[in-house]
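> Can you keep this structure in mind? I'll have questions shortly.
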Amino acid sequence: MEKIKRSKFMTFMNITPSSTPTYALIGSGVTAGSIGYNPKVEEETYIHQDSATIIVESYAPKLPIESTAVIGDSVFEFIDSLRISRAVLSAAETDIVNVWAYETGGPTAYPAEKQTVSIQIDEFGGEGGSSTKINYTINFIGDPIPGTFNTTSKTFTAS
């Protein structure tokens, strides 16, 4: 058995959502990021039972990102432009591709999923004498599209 390093789960963000997709790796300055799947469940205890029945009805995934602001990083510059404009609704939307690089197929065809998302800016600033932080949440919209991702050419191909 082999452990999977966090670097083998990659997320690429489309930094040009209004034109041909340009995917950039979320990584520089990012210190933490885990998908919270936020399951929505129905819980009922039927009259003839003593224990509840719990059914997963849906998910509401989010990917909160903790990041140091890095000038020249294309993801930071895209996120910072959303912060400056206080983008909302469709102006705050783009897509990401989550890549499972621990699976076979890479680097030209790693298993992946493309996901429409809305970017929520959470915090910008920090303490005196420290690097500026920009923390944001990637809110998933709808269902993902399964496929593969070429990490060399940064292209997604739907299955």
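Chain labels A, B, ... are given in the sequence in which chains occur in the structure tokens; within each chain residues are numbered consecutively from 1, and ligands are likewise numbered from 1 in the order shown.
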What residues in chain A get the DSSP label strand (DSSP E)? Please answer as a VMD selection string.
chain A and resid 9 to 14 23 to 25 30 to 33 39 to 44 53 to 59 62 to 67 93 to 100 110 to 125 133 to 150 155 to 158
> Next, dump the selected residues to file, keeping only C-alpha atoms, as a compact mmCIF listing (two decimals), in the first residue's frame.

```txt
# COMPACT_ATOMS: atom_id res chain seq x y z
CA PHE A 9 -4.53 15.85 -6.25
CA MET A 10 -4.31 18.95 -8.43
CA THR A 11 -6.84 21.67 -9.19
CA PHE A 12 -6.55 23.79 -12.31
CA MET A 13 -8.62 26.99 -12.59
CA ASN A 14 -9.83 28.55 -15.82
CA TYR A 23 -6.11 26.54 -17.07
CA ALA A 24 -3.59 27.44 -14.38
CA LEU A 25 -2.57 25.23 -11.47
CA VAL A 30 -1.59 28.07 -1.35
CA THR A 31 -1.06 26.49 2.05
CA ALA A 32 -4.31 24.52 2.42
CA GLY A 33 -7.24 23.35 0.34
CA PRO A 39 -23.68 16.09 2.20
CA LYS A 40 -27.37 16.93 2.47
CA VAL A 41 -29.12 14.09 4.26
CA GLU A 42 -32.67 13.10 5.08
CA GLU A 43 -33.06 11.53 8.49
CA GLU A 44 -36.25 9.79 9.54
CA THR A 53 -32.79 5.86 8.48
CA ILE A 54 -30.34 8.33 6.95
CA ILE A 55 -30.20 8.85 3.19
CA VAL A 56 -27.73 11.07 1.35
CA GLU A 57 -29.86 13.20 -0.98
CA SER A 58 -27.26 15.53 -2.48
CA TYR A 59 -23.96 17.30 -1.97
CA LYS A 62 -16.85 23.72 -1.52
CA LEU A 63 -13.10 24.09 -1.74
CA PRO A 64 -11.84 26.76 0.68
CA ILE A 65 -8.38 28.03 -0.23
CA GLU A 66 -5.87 29.61 2.16
CA SER A 67 -3.25 31.49 0.20
CA GLU A 93 -18.10 32.17 -12.18
CA THR A 94 -15.46 30.10 -13.94
CA ASP A 95 -14.59 26.42 -14.01
CA ILE A 96 -11.98 24.20 -12.45
CA VAL A 97 -10.62 20.78 -13.28
CA ASN A 98 -9.79 18.47 -10.40
CA VAL A 99 -7.09 16.04 -11.49
CA TRP A 100 -6.39 12.72 -9.81
CA TYR A 110 -5.10 11.71 -15.93
CA PRO A 111 -8.63 10.98 -14.70
CA ALA A 112 -10.29 14.31 -13.93
CA GLU A 113 -13.57 16.15 -13.48
CA LYS A 114 -14.49 19.57 -14.81
CA GLN A 115 -16.70 21.64 -12.53
CA THR A 116 -18.48 24.98 -12.96
CA VAL A 117 -17.79 27.11 -9.89
CA SER A 118 -18.50 30.46 -8.26
CA ILE A 119 -15.63 32.22 -6.48
CA GLN A 120 -16.31 33.76 -3.09
CA ILE A 121 -13.66 36.14 -1.69
CA ASP A 122 -13.41 35.60 2.08
CA GLU A 123 -10.44 37.61 3.39
CA PHE A 124 -7.64 39.83 2.15
CA GLY A 125 -4.87 41.29 4.31
CA LYS A 133 -3.11 36.65 2.52
CA ILE A 134 -6.05 36.14 0.19
CA ASN A 135 -8.48 33.45 1.25
CA TYR A 136 -11.35 32.42 -0.98
CA THR A 137 -13.89 29.64 -1.41
CA ILE A 138 -14.57 27.78 -4.63
CA ASN A 139 -18.29 26.91 -4.57
CA PHE A 140 -19.25 24.05 -6.90
CA ILE A 141 -22.26 24.60 -9.20
CA GLY A 142 -24.20 21.57 -10.45
CA ASP A 143 -22.71 18.23 -11.39
CA PRO A 144 -19.13 17.62 -12.57
CA ILE A 145 -18.23 16.45 -16.06
CA PRO A 146 -15.95 13.37 -15.94
CA GLY A 147 -13.03 13.09 -18.33
CA THR A 148 -9.27 13.29 -18.54
CA PHE A 149 -6.80 16.15 -18.25
CA ASN A 150 -3.48 16.64 -20.00
CA THR A 155 -6.55 20.58 -21.79
CA PHE A 156 -9.63 18.75 -20.56
CA THR A 157 -11.36 16.05 -22.60
CA ALA A 158 -14.84 14.96 -21.54
```
> So that I can check the secondary structure, give me every residue of chain A assigned helix (DSSP H, G or I) by backbone DSSP, as an mmCIF file with N, CA and C atoms, in the first residue's frame.

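As a result, states.cif now contains:
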```
data_model
loop_
_atom_site.group_PDB
_atom_site.id
_atom_site.type_symbol
_atom_site.label_atom_id
_atom_site.label_comp_id
_atom_site.auth_asym_id
_atom_site.auth_seq_id
_atom_site.Cartn_x
_atom_site.Cartn_y
_atom_site.Cartn_z
ATOM 1 N N ARG A 6 -0.481 14.914 -1.240
ATOM 2 C CA ARG A 6 -1.437 15.969 -1.609
ATOM 3 C C ARG A 6 -1.116 16.547 -2.987
ATOM 4 N N SER A 7 0.139 16.561 -3.362
ATOM 5 C CA SER A 7 0.544 17.107 -4.661
ATOM 6 C C SER A 7 0.004 16.282 -5.827
ATOM 7 N N LYS A 8 -0.509 15.088 -5.556
ATOM 8 C CA LYS A 8 -1.077 14.235 -6.609
ATOM 9 C C LYS A 8 -2.575 14.471 -6.813
ATOM 10 N N SER A 74 -0.683 33.561 -11.955
ATOM 11 C CA SER A 74 -1.879 33.863 -12.740
ATOM 12 C C SER A 74 -3.178 33.572 -11.985
ATOM 13 N N VAL A 75 -3.188 32.571 -11.118
ATOM 14 C CA VAL A 75 -4.395 32.297 -10.334
ATOM 15 C C VAL A 75 -4.623 33.432 -9.342
ATOM 16 N N PHE A 76 -3.563 33.860 -8.637
ATOM 17 C CA PHE A 76 -3.718 34.984 -7.711
ATOM 18 C C PHE A 76 -4.220 36.219 -8.445
ATOM 19 N N GLU A 77 -3.645 36.520 -9.601
ATOM 20 C CA GLU A 77 -4.050 37.723 -10.333
ATOM 21 C C GLU A 77 -5.515 37.641 -10.759
ATOM 22 N N PHE A 78 -5.994 36.461 -11.159
ATOM 23 C CA PHE A 78 -7.392 36.292 -11.516
ATOM 24 C C PHE A 78 -8.290 36.480 -10.292
ATOM 25 N N ILE A 79 -7.943 35.816 -9.183
ATOM 26 C CA ILE A 79 -8.726 35.928 -7.950
ATOM 27 C C ILE A 79 -8.714 37.368 -7.447
ATOM 28 N N ASP A 80 -7.556 38.025 -7.509
ATOM 29 C CA ASP A 80 -7.459 39.407 -7.040
ATOM 30 C C ASP A 80 -8.315 40.337 -7.893
ATOM 31 N N SER A 81 -8.418 40.061 -9.202
ATOM 32 C CA SER A 81 -9.285 40.886 -10.055
ATOM 33 C C SER A 81 -10.754 40.717 -9.654
ATOM 34 N N LEU A 82 -11.140 39.504 -9.236
ATOM 35 C CA LEU A 82 -12.503 39.285 -8.740
ATOM 36 C C LEU A 82 -12.725 40.051 -7.439
ATOM 37 N N ARG A 83 -11.702 40.069 -6.578
ATOM 38 C CA ARG A 83 -11.792 40.804 -5.309
ATOM 39 C C ARG A 83 -11.944 42.294 -5.554
ATOM 40 N N ILE A 84 -11.102 42.835 -6.413
ATOM 41 C CA ILE A 84 -11.113 44.273 -6.684
ATOM 42 C C ILE A 84 -12.452 44.714 -7.269
ATOM 43 N N SER A 85 -12.998 43.922 -8.184
ATOM 44 C CA SER A 85 -14.276 44.280 -8.815
ATOM 45 C C SER A 85 -15.482 43.865 -7.977
ATOM 46 N N LEU A 89 -22.562 37.019 -8.958
ATOM 47 C CA LEU A 89 -23.356 36.293 -9.950
ATOM 48 C C LEU A 89 -22.462 35.705 -11.037
ATOM 49 N N SER A 90 -22.802 35.849 -12.308
ATOM 50 C CA SER A 90 -22.036 35.206 -13.378
ATOM 51 C C SER A 90 -20.627 35.779 -13.511
ATOM 52 N N ALA A 91 -20.403 37.001 -13.045
ATOM 53 C CA ALA A 91 -19.061 37.598 -13.111
ATOM 54 C C ALA A 91 -18.086 36.894 -12.164
ATOM 55 N N ALA A 92 -18.607 36.160 -11.181
ATOM 56 C CA ALA A 92 -17.762 35.440 -10.230
ATOM 57 C C ALA A 92 -17.612 33.965 -10.602
#
```
